[in-house]
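Colleague: For reference, the file structure-v8.txt (compact mmCIF, C-alpha atoms) is included below:
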# COMPACT_ATOMS: atom_id res chain seq x y z
CA MET A 1 12.98 21.70 -4.05
CA LYS A 2 14.06 20.08 -0.81
CA PHE A 3 12.88 20.16 2.74
CA THR A 4 13.72 18.55 6.04
CA VAL A 5 11.56 15.83 7.50
CA VAL A 6 11.64 13.82 10.67
CA LYS A 7 13.16 10.57 9.54
CA ASN A 8 11.16 8.09 11.42
CA ILE A 9 7.53 8.77 10.54
CA LEU A 10 6.61 5.54 12.26
CA GLU A 11 8.27 6.61 15.51
CA ALA A 12 6.45 9.94 15.45
CA ASN A 13 3.22 8.07 14.79
CA GLU A 14 3.78 5.71 17.70
CA ARG A 15 4.17 8.64 20.06
CA ILE A 16 0.81 10.07 19.03
CA ALA A 17 -0.82 6.64 19.08
CA GLU A 18 0.46 6.15 22.62
CA GLU A 19 -1.19 9.41 23.69
CA ASN A 20 -4.48 8.27 22.15
CA ARG A 21 -4.10 4.97 23.93
CA ARG A 22 -3.64 6.68 27.27
CA LEU A 23 -6.85 8.68 26.73
CA PHE A 24 -8.75 5.48 25.87
CA LYS A 25 -7.38 3.71 28.96
CA GLU A 26 -8.34 6.56 31.25
CA ALA A 27 -11.87 6.51 29.86
CA ASN A 28 -12.05 2.71 30.04
CA VAL A 29 -12.79 2.40 26.31
CA THR A 30 -11.69 -0.70 24.40
CA VAL A 31 -10.54 0.16 20.87
CA ILE A 32 -10.25 -2.18 17.89
CA ASN A 33 -8.66 -1.32 14.54
CA LEU A 34 -10.37 -3.27 11.78
CA MET A 35 -8.30 -3.97 8.66
CA SER A 36 -8.68 -5.92 5.40
CA SER A 37 -8.50 -5.73 1.63
CA PRO A 38 -11.23 -3.68 -0.04
CA GLY A 39 -14.51 -5.58 -0.03
CA SER A 40 -13.64 -8.29 2.48
CA GLY A 41 -16.56 -7.28 4.69
CA LYS A 42 -15.41 -4.72 7.27
CA THR A 43 -18.60 -2.66 7.23
CA SER A 44 -20.82 -5.75 7.22
CA LEU A 45 -18.86 -7.06 10.20
CA LEU A 46 -19.47 -3.80 12.06
CA GLU A 47 -23.20 -4.11 11.39
CA ARG A 48 -23.29 -7.73 12.58
CA THR A 49 -21.16 -6.93 15.63
CA ILE A 50 -23.34 -4.00 16.70
CA ASP A 51 -26.40 -6.25 16.44
CA ALA A 52 -24.70 -9.07 18.38
CA LEU A 53 -23.45 -6.89 21.24
CA GLY A 54 -26.79 -5.12 21.48
CA VAL A 55 -27.55 -2.47 24.06
CA ARG A 56 -25.26 -4.05 26.66
CA VAL A 57 -22.28 -2.26 25.14
CA ARG A 58 -22.06 1.47 24.36
CA ILE A 59 -20.44 1.59 20.92
CA GLY A 60 -18.81 4.26 18.80
CA VAL A 61 -17.51 3.79 15.26
CA VAL A 62 -14.86 5.59 13.22
CA GLU A 63 -15.07 5.06 9.47
CA GLY A 64 -11.84 5.53 7.56
CA ASP A 65 -12.10 5.99 3.80
CA ILE A 66 -10.05 7.74 1.16
CA GLN A 67 -13.23 9.54 0.20
CA SER A 68 -17.05 9.15 0.39
CA THR A 69 -19.26 8.82 3.47
CA ARG A 70 -21.06 5.71 2.27
CA ASP A 71 -19.94 3.43 5.12
CA ALA A 72 -20.67 6.03 7.78
CA GLU A 73 -24.20 6.37 6.43
CA ARG A 74 -24.66 2.59 6.56
CA ILE A 75 -23.43 2.34 10.14
CA SER A 76 -25.35 5.37 11.44
CA GLN A 77 -28.55 3.48 10.62
CA LYS A 78 -27.60 1.14 13.48
CA GLY A 79 -28.12 3.98 15.97
CA VAL A 80 -24.50 4.24 17.12
CA GLN A 81 -22.36 7.36 16.91
CA VAL A 82 -20.20 7.38 13.76
CA VAL A 83 -17.39 9.72 12.77
CA GLN A 84 -16.07 9.65 9.21
CA ILE A 85 -12.39 10.23 8.52
CA ASN A 86 -11.65 10.95 4.86
CA THR A 87 -7.93 10.47 4.33
CA GLY A 88 -7.94 12.43 1.07
CA GLY A 89 -5.76 9.93 -0.75
CA ALA A 90 -3.83 8.34 2.11
CA CYS A 91 -3.98 4.56 2.10
CA HIS A 92 -4.23 4.04 5.87
CA LEU A 93 -5.29 5.71 9.12
CA ASP A 94 -2.62 6.96 11.51
CA GLY A 95 -2.43 8.21 15.08
CA ASN A 96 -2.84 11.81 14.02
CA MET A 97 -6.06 11.25 12.09
CA MET A 98 -7.40 9.27 15.04
CA ARG A 99 -6.52 12.08 17.43
CA ASP A 100 -8.33 14.59 15.22
CA ALA A 101 -11.47 12.42 15.30
CA LEU A 102 -11.56 12.09 19.11
CA PRO A 103 -13.21 15.41 20.03
CA ALA A 104 -16.34 14.19 18.23
CA PHE A 105 -16.82 11.54 20.92
CA ASP A 106 -17.59 11.76 24.61
CA LEU A 107 -15.33 8.87 25.66
CA SER A 108 -16.98 8.62 29.08
CA GLU A 109 -20.14 7.54 27.24
CA LEU A 110 -18.42 4.65 25.39
CA ASP A 111 -17.32 1.12 26.21
CA LEU A 112 -16.10 0.14 22.74
CA LEU A 113 -14.75 2.13 19.82
CA MET A 114 -14.53 0.22 16.54
CA VAL A 115 -12.36 1.81 13.85
CA GLU A 116 -12.72 0.70 10.24
CA ASN A 117 -9.45 1.34 8.43
CA VAL A 118 -9.01 2.03 4.71
CA GLY A 119 -9.35 -1.16 2.64
CA ASN A 120 -5.72 -2.23 2.20
CA LEU A 121 -3.98 -5.43 3.25
CA VAL A 122 -0.56 -3.74 3.45
CA CYS A 123 -0.11 -0.23 4.85
CA PRO A 124 -2.61 -0.06 7.75
CA ALA A 125 -0.66 -2.81 9.56
CA GLU A 126 2.31 -0.45 9.96
CA PHE A 127 0.48 2.37 11.73
CA LYS A 128 -0.79 2.24 15.31
CA ILE A 129 -3.71 4.49 16.14
CA GLY A 130 -3.95 3.80 19.88
CA GLU A 131 -5.91 0.56 19.57
CA ASP A 132 -6.00 -2.36 22.00
CA HIS A 133 -6.24 -4.85 19.15
CA LYS A 134 -5.77 -4.96 15.44
CA ILE A 135 -8.45 -7.21 13.94
CA MET A 136 -8.12 -8.42 10.35
CA ILE A 137 -10.62 -9.92 7.94
CA LEU A 138 -9.72 -12.22 5.05
CA SER A 139 -12.43 -13.34 2.68
CA VAL A 140 -12.29 -16.90 1.34
CA THR A 141 -12.63 -15.41 -2.15
CA GLU A 142 -9.15 -13.88 -1.77
CA GLY A 143 -7.44 -17.27 -1.71
CA ALA A 144 -5.33 -19.22 0.75
CA ASP A 145 -1.97 -17.74 -0.28
CA LYS A 146 -2.52 -14.39 1.43
CA PRO A 147 -0.70 -15.05 4.74
CA GLU A 148 2.54 -15.82 2.87
CA LYS A 149 2.15 -12.82 0.58
CA TYR A 150 1.02 -10.19 3.13
CA PRO A 151 2.55 -11.46 6.38
CA LEU A 152 2.79 -8.20 8.34
CA MET A 153 -0.94 -7.81 8.83
CA PHE A 154 -1.24 -11.40 10.05
CA HIS A 155 1.69 -10.78 12.37
CA GLU A 156 0.27 -7.59 13.89
CA SER A 157 -3.32 -8.76 14.37
CA SER A 158 -4.84 -10.28 17.51
CA VAL A 159 -7.73 -11.82 15.59
CA LEU A 160 -8.19 -13.17 12.06
CA LEU A 161 -11.79 -13.35 10.89
CA ILE A 162 -12.14 -15.63 7.86
CA ASN A 163 -15.25 -14.20 6.20
CA LYS A 164 -17.68 -15.23 3.45
CA ILE A 165 -17.57 -18.92 4.39
CA ASP A 166 -21.01 -19.16 2.75
CA LEU A 167 -19.10 -18.96 -0.58
CA LEU A 168 -16.83 -21.93 0.19
CA PRO A 169 -18.75 -24.33 -2.10
CA TYR A 170 -18.11 -22.02 -5.06
CA VAL A 171 -14.45 -21.03 -4.66
CA ASP A 172 -11.15 -22.90 -4.49
CA CYS A 173 -10.00 -22.00 -1.00
CA ASN A 174 -8.42 -24.27 1.58
CA ILE A 175 -9.29 -22.80 4.98
CA GLU A 176 -6.95 -25.17 6.82
CA ARG A 177 -4.07 -23.82 4.75
CA ILE A 178 -5.01 -20.25 5.71
CA LYS A 179 -5.07 -21.23 9.38
CA GLU A 180 -1.77 -23.10 9.32
CA ALA A 181 0.07 -20.36 7.44
CA SER A 182 -1.40 -17.63 9.66
CA LEU A 183 -0.43 -19.43 12.86
CA ARG A 184 3.09 -19.98 11.56
CA ILE A 185 3.40 -16.18 11.24
CA ASN A 186 1.57 -15.45 14.50
CA PRO A 187 1.03 -18.37 16.91
CA ASN A 188 -1.14 -16.18 19.19
CA LEU A 189 -3.66 -15.31 16.50
CA GLU A 190 -7.29 -16.03 17.41
CA ILE A 191 -9.13 -17.30 14.33
CA PHE A 192 -12.88 -17.30 13.76
CA GLU A 193 -14.70 -18.49 10.63
CA ILE A 194 -17.66 -16.25 9.89
CA SER A 195 -20.22 -15.24 7.30
CA CYS A 196 -21.48 -11.69 7.60
CA LYS A 197 -24.13 -12.68 5.06
CA THR A 198 -25.67 -15.58 7.00
CA GLY A 199 -24.47 -14.59 10.47
CA GLU A 200 -22.65 -17.90 10.99
CA GLY A 201 -19.85 -17.67 13.54
CA ILE A 202 -20.62 -14.09 14.59
CA ASP A 203 -21.62 -15.23 18.09
CA ARG A 204 -18.14 -16.64 18.85
CA TRP A 205 -16.44 -13.48 17.58
CA ALA A 206 -18.82 -11.28 19.60
CA GLU A 207 -18.09 -13.39 22.68
CA TRP A 208 -14.34 -12.87 22.25
CA LEU A 209 -14.85 -9.14 21.74
CA SER A 210 -17.09 -8.88 24.81
CA SER A 211 -14.38 -10.52 26.88
CA GLN A 212 -12.03 -7.66 25.94
CA ILE A 213 -14.37 -4.92 27.12
CA GLN A 214 -13.86 -3.60 30.63
CA PRO A 215 -16.84 -4.00 32.94
CA GLN A 216 -18.54 -0.65 33.44
CA GLY A 217 -17.45 0.98 36.71
CA MET B 1 17.66 12.32 13.45
CA LYS B 2 16.92 14.29 10.31
CA PHE B 3 17.92 14.04 6.72
CA THR B 4 17.16 15.75 3.47
CA VAL B 5 14.94 14.19 0.89
CA VAL B 6 13.79 15.15 -2.53
CA LYS B 7 10.34 16.52 -1.90
CA ASN B 8 8.44 15.19 -4.77
CA ILE B 9 8.95 11.45 -4.76
CA LEU B 10 6.31 11.13 -7.43
CA GLU B 11 8.13 13.55 -9.73
CA ALA B 12 11.38 11.65 -9.29
CA ASN B 13 9.53 8.45 -10.01
CA GLU B 14 7.99 9.82 -13.16
CA ARG B 15 11.41 10.70 -14.51
CA ILE B 16 12.63 7.12 -14.06
CA ALA B 17 9.38 5.72 -15.40
CA GLU B 18 9.79 7.89 -18.48
CA GLU B 19 13.28 6.45 -19.06
CA ASN B 20 11.89 2.92 -18.80
CA ARG B 21 9.14 3.87 -21.21
CA ARG B 22 11.66 5.14 -23.75
CA LEU B 23 13.55 1.82 -23.57
CA PHE B 24 10.31 -0.12 -24.10
CA LYS B 25 9.35 2.07 -27.07
CA GLU B 26 12.75 1.63 -28.70
CA ALA B 27 12.44 -2.14 -28.36
CA ASN B 28 8.82 -2.10 -29.56
CA VAL B 29 7.58 -3.77 -26.36
CA THR B 30 4.04 -3.09 -25.12
CA VAL B 31 3.91 -2.94 -21.31
CA ILE B 32 0.87 -3.36 -19.07
CA ASN B 33 0.78 -2.70 -15.33
CA LEU B 34 -1.79 -5.01 -13.71
CA MET B 35 -3.33 -3.79 -10.46
CA SER B 36 -6.06 -4.92 -8.04
CA SER B 37 -6.87 -5.74 -4.43
CA PRO B 38 -5.25 -8.89 -3.05
CA GLY B 39 -6.97 -11.98 -4.39
CA SER B 40 -8.95 -10.39 -7.22
CA GLY B 41 -7.31 -12.64 -9.77
CA LYS B 42 -4.20 -10.97 -11.20
CA THR B 43 -2.13 -14.14 -11.46
CA SER B 44 -5.03 -16.17 -12.84
CA LEU B 45 -5.58 -13.44 -15.44
CA LEU B 46 -1.94 -13.69 -16.48
CA GLU B 47 -2.29 -17.45 -16.91
CA ARG B 48 -5.47 -17.08 -18.98
CA THR B 49 -3.96 -14.27 -21.05
CA ILE B 50 -0.79 -16.20 -21.85
CA ASP B 51 -2.93 -19.14 -23.00
CA ALA B 52 -5.19 -16.88 -25.07
CA LEU B 53 -2.38 -15.03 -26.85
CA GLY B 54 -0.50 -18.25 -27.47
CA VAL B 55 2.77 -18.42 -29.40
CA ARG B 56 1.83 -15.46 -31.62
CA VAL B 57 3.08 -13.06 -28.97
CA ARG B 58 6.46 -13.17 -27.22
CA ILE B 59 5.61 -12.53 -23.56
CA GLY B 60 7.60 -11.61 -20.48
CA VAL B 61 6.17 -11.26 -16.97
CA VAL B 62 7.29 -9.30 -13.92
CA GLU B 63 5.80 -10.46 -10.62
CA GLY B 64 5.65 -7.85 -7.87
CA ASP B 65 5.13 -9.10 -4.33
CA ILE B 66 6.05 -7.89 -0.89
CA GLN B 67 7.62 -11.27 -0.36
CA SER B 68 7.41 -14.87 -1.64
CA THR B 69 7.99 -16.19 -5.16
CA ARG B 70 4.72 -18.11 -5.31
CA ASP B 71 3.22 -16.23 -8.26
CA ALA B 72 6.46 -16.32 -10.26
CA GLU B 73 6.55 -20.10 -9.83
CA ARG B 74 2.96 -20.37 -11.05
CA ILE B 75 3.60 -18.24 -14.12
CA SER B 76 6.93 -19.88 -15.04
CA GLN B 77 5.00 -23.11 -15.63
CA LYS B 78 3.47 -21.36 -18.63
CA GLY B 79 6.86 -21.32 -20.34
CA VAL B 80 7.32 -17.55 -20.41
CA GLN B 81 10.19 -15.65 -18.84
CA VAL B 82 9.33 -14.38 -15.35
CA VAL B 83 11.23 -12.03 -13.09
CA GLN B 84 10.19 -11.68 -9.46
CA ILE B 85 10.46 -8.32 -7.69
CA ASN B 86 10.16 -8.58 -3.91
CA THR B 87 9.45 -5.12 -2.57
CA GLY B 88 10.49 -6.06 0.97
CA GLY B 89 7.51 -4.33 2.58
CA ALA B 90 6.68 -1.65 0.02
CA CYS B 91 3.04 -1.67 -1.01
CA HIS B 92 3.53 -0.90 -4.72
CA LEU B 93 6.02 -1.15 -7.58
CA ASP B 94 7.77 2.01 -8.77
CA GLY B 95 9.92 3.07 -11.70
CA ASN B 96 13.11 2.25 -9.90
CA MET B 97 12.16 -1.35 -9.09
CA MET B 98 11.08 -1.78 -12.67
CA ARG B 99 14.38 -0.42 -13.97
CA ASP B 100 16.27 -2.84 -11.72
CA ALA B 101 14.31 -5.75 -13.18
CA LEU B 102 14.98 -4.85 -16.81
CA PRO B 103 18.49 -6.34 -17.24
CA ALA B 104 16.93 -9.76 -16.69
CA PHE B 105 15.09 -9.43 -20.01
CA ASP B 106 16.29 -9.20 -23.60
CA LEU B 107 13.72 -6.65 -24.73
CA SER B 108 14.43 -7.34 -28.39
CA GLU B 109 13.00 -10.82 -27.81
CA LEU B 110 9.68 -9.54 -26.40
CA ASP B 111 6.45 -8.11 -27.78
CA LEU B 112 4.56 -7.81 -24.51
CA LEU B 113 5.66 -7.34 -20.92
CA MET B 114 2.96 -7.90 -18.30
CA VAL B 115 3.73 -6.58 -14.83
CA GLU B 116 1.73 -7.82 -11.85
CA ASN B 117 1.76 -5.15 -9.16
CA VAL B 118 1.45 -5.73 -5.41
CA GLY B 119 -2.16 -6.47 -4.39
CA ASN B 120 -3.43 -3.06 -3.33
CA LEU B 121 -6.29 -0.96 -4.69
CA VAL B 122 -4.71 2.31 -3.53
CA CYS B 123 -0.98 2.98 -3.81
CA PRO B 124 0.03 1.30 -7.11
CA ALA B 125 -2.20 3.76 -9.00
CA GLU B 126 0.07 6.64 -7.97
CA PHE B 127 3.31 5.24 -9.37
CA LYS B 128 4.15 4.93 -13.04
CA ILE B 129 6.64 2.24 -14.00
CA GLY B 130 6.96 3.02 -17.72
CA GLU B 131 3.83 1.19 -18.80
CA ASP B 132 1.63 1.85 -21.83
CA HIS B 133 -1.49 0.96 -19.90
CA LYS B 134 -2.60 0.45 -16.35
CA ILE B 135 -5.08 -2.43 -16.24
CA MET B 136 -7.18 -3.01 -13.14
CA ILE B 137 -9.20 -5.98 -11.94
CA LEU B 138 -12.18 -5.77 -9.62
CA SER B 139 -13.79 -8.97 -8.41
CA VAL B 140 -17.58 -9.05 -8.06
CA THR B 141 -17.05 -10.33 -4.51
CA GLU B 142 -15.58 -6.94 -3.57
CA GLY B 143 -18.89 -5.14 -4.04
CA ALA B 144 -20.20 -2.38 -6.29
CA ASP B 145 -19.17 0.55 -4.07
CA LYS B 146 -15.46 0.32 -4.94
CA PRO B 147 -15.29 2.96 -7.72
CA GLU B 148 -16.61 5.63 -5.33
CA LYS B 149 -14.31 4.53 -2.51
CA TYR B 150 -11.09 4.01 -4.49
CA PRO B 151 -11.50 6.37 -7.45
CA LEU B 152 -7.86 6.99 -8.36
CA MET B 153 -7.23 3.50 -9.70
CA PHE B 154 -10.35 3.66 -11.86
CA HIS B 155 -9.25 7.09 -13.06
CA GLU B 156 -5.73 5.96 -14.01
CA SER B 157 -6.62 2.68 -15.71
CA SER B 158 -7.21 2.10 -19.42
CA VAL B 159 -9.11 -1.13 -18.79
CA LEU B 160 -11.31 -2.44 -15.99
CA LEU B 161 -11.67 -6.22 -15.88
CA ILE B 162 -14.67 -7.25 -13.75
CA ASN B 163 -13.62 -10.73 -12.63
CA LYS B 164 -15.26 -13.77 -10.99
CA ILE B 165 -18.56 -13.26 -12.80
CA ASP B 166 -19.11 -17.00 -12.22
CA LEU B 167 -19.84 -16.04 -8.59
CA LEU B 168 -22.60 -13.53 -9.48
CA PRO B 169 -25.43 -15.89 -8.47
CA TYR B 170 -24.00 -16.12 -4.95
CA VAL B 171 -23.06 -12.53 -4.11
CA ASP B 172 -24.93 -9.22 -3.89
CA CYS B 173 -23.20 -7.25 -6.60
CA ASN B 174 -24.76 -4.96 -9.18
CA ILE B 175 -22.43 -4.97 -12.19
CA GLU B 176 -24.29 -2.14 -13.91
CA ARG B 177 -23.63 0.04 -10.87
CA ILE B 178 -19.90 -0.75 -11.10
CA LYS B 179 -19.88 0.19 -14.78
CA GLU B 180 -21.82 3.43 -14.34
CA ALA B 181 -19.73 4.60 -11.40
CA SER B 182 -16.47 3.65 -13.15
CA LEU B 183 -17.39 5.49 -16.33
CA ARG B 184 -18.37 8.58 -14.35
CA ILE B 185 -14.81 8.64 -12.99
CA ASN B 186 -13.19 7.70 -16.30
CA PRO B 187 -15.37 7.91 -19.43
CA ASN B 188 -12.59 6.34 -21.57
CA LEU B 189 -12.36 3.16 -19.49
CA GLU B 190 -12.70 -0.07 -21.47
CA ILE B 191 -14.67 -2.59 -19.41
CA PHE B 192 -14.70 -6.37 -19.85
CA GLU B 193 -16.61 -8.88 -17.74
CA ILE B 194 -14.57 -12.03 -17.24
CA SER B 195 -14.19 -15.20 -15.23
CA CYS B 196 -10.64 -16.48 -14.92
CA LYS B 197 -12.16 -19.66 -13.50
CA THR B 198 -14.41 -20.53 -16.47
CA GLY B 199 -12.59 -18.50 -19.12
CA GLU B 200 -15.70 -16.48 -19.99
CA GLY B 201 -14.90 -13.11 -21.55
CA ILE B 202 -11.16 -13.73 -21.81
CA ASP B 203 -11.32 -13.74 -25.62
CA ARG B 204 -12.57 -10.16 -25.78
CA TRP B 205 -9.92 -8.96 -23.33
CA ALA B 206 -7.20 -10.80 -25.26
CA GLU B 207 -8.44 -9.23 -28.48
CA TRP B 208 -8.17 -5.75 -26.98
CA LEU B 209 -4.69 -6.51 -25.66
CA SER B 210 -3.56 -7.89 -29.04
CA SER B 211 -4.69 -4.66 -30.67
CA GLN B 212 -2.25 -2.76 -28.43
CA ILE B 213 0.78 -4.83 -29.45
CA GLN B 214 2.98 -3.47 -32.21
CA PRO B 215 3.26 -5.72 -35.26
CA GLN B 216 6.66 -7.39 -35.29
CA GLY B 217 9.04 -5.52 -37.61
What do you get writing this file as structure tokens?
Modeller:
Amino acid sequence: MKFTVVKNILEANERIAEENRRLFKEANVTVINLMSSPGSGKTSLLERTIDALGVRVRIGVVEGDIQSTRDAERISQKGVQVVQINTGGACHLDGNMMRDALPAFDLSELDLLMVENVGNLVCPAEFKIGEDHKIMILSVTEGADKPEKYPLMFHESSVLLINKIDLLPYVDCNIERIKEASLRINPNLEIFEISCKTGEGIDRWAEWLSSQIQPQG
Amino acid sequence: MKFTVVKNILEANERIAEENRRLFKEANVTVINLMSSPGSGKTSLLERTIDALGVRVRIGVVEGDIQSTRDAERISQKGVQVVQINTGGACHLDGNMMRDALPAFDLSELDLLMVENVGNLVCPAEFKIGEDHKIMILSVTEGADKPEKYPLMFHESSVLLINKIDLLPYVDCNIERIKEASLRINPNLEIFEISCKTGEGIDRWAEWLSSQIQPQG
């Protein structure tokens, strides 16, 4: 059985992502697309970031998961509006899924929309959703060879958060090597060392993120 | 621009995987397909497993990576034959890539072929390569919610290796919860707790693997 498809799925996606982006711009909402391997700390980072930004910033969250609403339940306890996208098998969010989630938000009531992608260090980097910045997390437990092995995500991201630095005494991980290799791939990458467990370094990340948010008209 | 594609990529893949499988059977080679998130310890497991099986078993290794030959270089120091597959962006190995790697091996000289997939807890589970068993690794640093969030890989695997148990004192991870949730998804899953760093638990895994290898004719 055969059928005809539009060849360039990525091109089609970019068109939809661009439409999302225009909507976000018009509403003055900054959007970040948060990506990492499974278990690197995306949901914990959201929790820490919401606490750090406090009531100054009106925040919405989109939780992307293949299935389950576990992360959305965690985040909703922080008192921000959360929408869950279940991809039903798909290994990444795309512009279309993002567009379908938008009616759940009143964009005029938001300054910042944080989108947690499916845990995957490969595919999410290929798909725009209308974000201002892709933000990636790498945990020190994953090892220092990851930039060389998964370069696209490092290339596409504006910020690399090196997480779980509280575990550095117990793992073999050379943070300087991560930084050097990442900056070779993407010289503009902003890098912050953080621990979502202890809170170390969260203030500098939150400061960077605040600087990206438009002042409220 | 449009073009015609075979609809069911997975069906086409299964046909090729089945051909690979037939070749392996004829040559009496047991094949395992090793899958996990990036940095969960696939390459370290290969090193430990090669040491544990020793000269009794004639081993070949296929290293799947998006790019780089880092893992193949590590494994070749163990004195076994290694073939590197670079997927050039693709987030998983498939039957076709596996078939292309086969001429590099003399199957009649092997008892066991261990294939390290691309680091990804999602996509590799969908694609057969001709293996006897899918084997997955989950590191305790990734958290206990992974079976619910990425169920397909747990469903498709014969064995779950819970790795980095040496880090248990330093992370919040309930191993019993991982086991219960995994067995709900796949009641036949064999589960071993291991540390590739200390070597703990490797003997039991190696014993299971040995039991899957055909006695040499």
Colleague: Please, what is the axis-aligned box for every listed atom of range 91-100 of chain B with 4 Å on each side, as centre and edge lengths in Å to one decimal, as lines of an AutoDock Vina configuration file?
Modeller:
center_x = 9.7
center_y = 0.1
center_z = -7.5
size_x = 21.2
size_y = 13.9
size_z = 21.0
Colleague: For chain B, list the residues within 9 Å of chain A, counting only C-alpha atoms, and write the list as an NGL selection string.
Modeller: :B and (1-8 or 37-41 or 65-70 or 89-91 or 119-123 or 141-143 or 145-146 or 148-152 or 166-167 or 170-171)
Colleague: Rounded to one decimal place, report the CA of Ile178 in chain A-CA of Asn163 in chain B distance in Å.
Modeller: 22.4 Å
Colleague: What is the CA of Leu34 in chain B to CA of Asn117 in chain B distance in Å?
Modeller: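 Between CA of Leu34 in chain B and CA of Asn117 in chain B the gap works out to 5.8 Å.
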Colleague: What is the CA of Lys128 in chain B-CA of Ala101 in chain B distance in Å, reported with one decimal?
Modeller: 14.7 Å
Colleague: Taking 4 positions as the minimum chain separation for residues in the same chain, which residues sit within 7 Å of Gln81 in chain B when counting all atoms listed in the file? Answer as a list in words.
Modeller: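 That gives Gly60, Val61 and Ser76 of chain B.
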Colleague: Let's have the selection written as a compact mmCIF listing (two decimals), in the coordinates of the input, with C-alpha atoms.
Modeller:
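Here's the written file result.txt:
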# COMPACT_ATOMS: atom_id res chain seq x y z
CA GLY B 60 7.60 -11.61 -20.48
CA VAL B 61 6.17 -11.26 -16.97
CA SER B 76 6.93 -19.88 -15.04
Colleague: Just checking: using only C-alpha atoms, which residue out of B:Ala17, B:Ala104, B:Met35, B:Leu46 ends up closest to Gly199 in chain B?
Modeller: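 Nearest candidate to Gly199 in chain B out of B:Ala17, B:Ala104, B:Met35, B:Leu46: B:Leu46.
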Colleague: Skipping near chain neighbours, those fewer than 6 positions away, what residues fall within 12 Å of Ile16 in chain B using only C-alpha atoms, listed as a list of chain:residue names?
Modeller: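 Answer for this query is B:Ile9, B:Leu10, B:Arg22, B:Leu23, B:Asp94, B:Gly95, B:Asn96, B:Met97, B:Met98, B:Arg99, B:Asp100, B:Phe127, B:Lys128, B:Ile129, B:Gly130, B:Glu131.
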Colleague: Please work out which residues fall within 12 Å of (2.5, -6.4, -18.3), coordinates as given in the file, with all atoms listed in the file counting, and return them as number ranges by chain.
Modeller: B: 24, 29-35, 42-43, 45-46, 49-50, 58-64, 82-83, 98, 110-117, 129-136, 209, 212-213
Colleague: Nearest residue to Ile137 in chain B out of B:Ser157, B:Thr198, B:Gln77, B:Asn13, using only C-alpha atoms?
Modeller: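 Among B:Ser157, B:Thr198, B:Gln77, B:Asn13, it is B:Ser157 that comes nearest to Ile137 in chain B.
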Colleague: Generate a file for range 118-142 of chain A, containing C-alpha atoms, as a short mmCIF file (atom, residue, chain, number, x, y, z; two decimals), in the first residue's frame.
Modeller:
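Final output, saved to out21.cif:
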data_model
loop_
_atom_site.label_atom_id
_atom_site.label_comp_id
_atom_site.auth_asym_id
_atom_site.auth_seq_id
_atom_site.Cartn_x
_atom_site.Cartn_y
_atom_site.Cartn_z
CA VAL A 118 9.91 14.47 25.29
CA GLY A 119 13.07 13.07 26.91
CA ASN A 120 15.31 12.46 23.91
CA LEU A 121 18.73 13.89 23.08
CA VAL A 122 18.25 13.42 19.33
CA CYS A 123 14.92 14.10 17.60
CA PRO A 124 13.53 17.16 19.44
CA ALA A 125 16.49 19.23 18.18
CA GLU A 126 15.21 18.88 14.60
CA PHE A 127 11.72 20.28 15.17
CA LYS A 128 10.92 23.93 15.83
CA ILE A 129 7.74 24.64 17.75
CA GLY A 130 7.78 28.45 17.60
CA GLU A 131 10.20 28.94 20.48
CA ASP A 132 12.56 31.87 21.08
CA HIS A 133 15.21 29.56 22.52
CA LYS A 134 15.99 25.91 22.70
CA ILE A 135 17.42 25.13 26.14
CA MET A 136 19.16 21.82 26.77
CA ILE A 137 20.09 20.00 29.96
CA LEU A 138 22.93 17.50 30.28
CA SER A 139 23.42 15.67 33.54
CA VAL A 140 26.98 15.00 34.71
CA THR A 141 25.97 11.35 35.12
CA GLU A 142 25.63 11.08 31.32
#
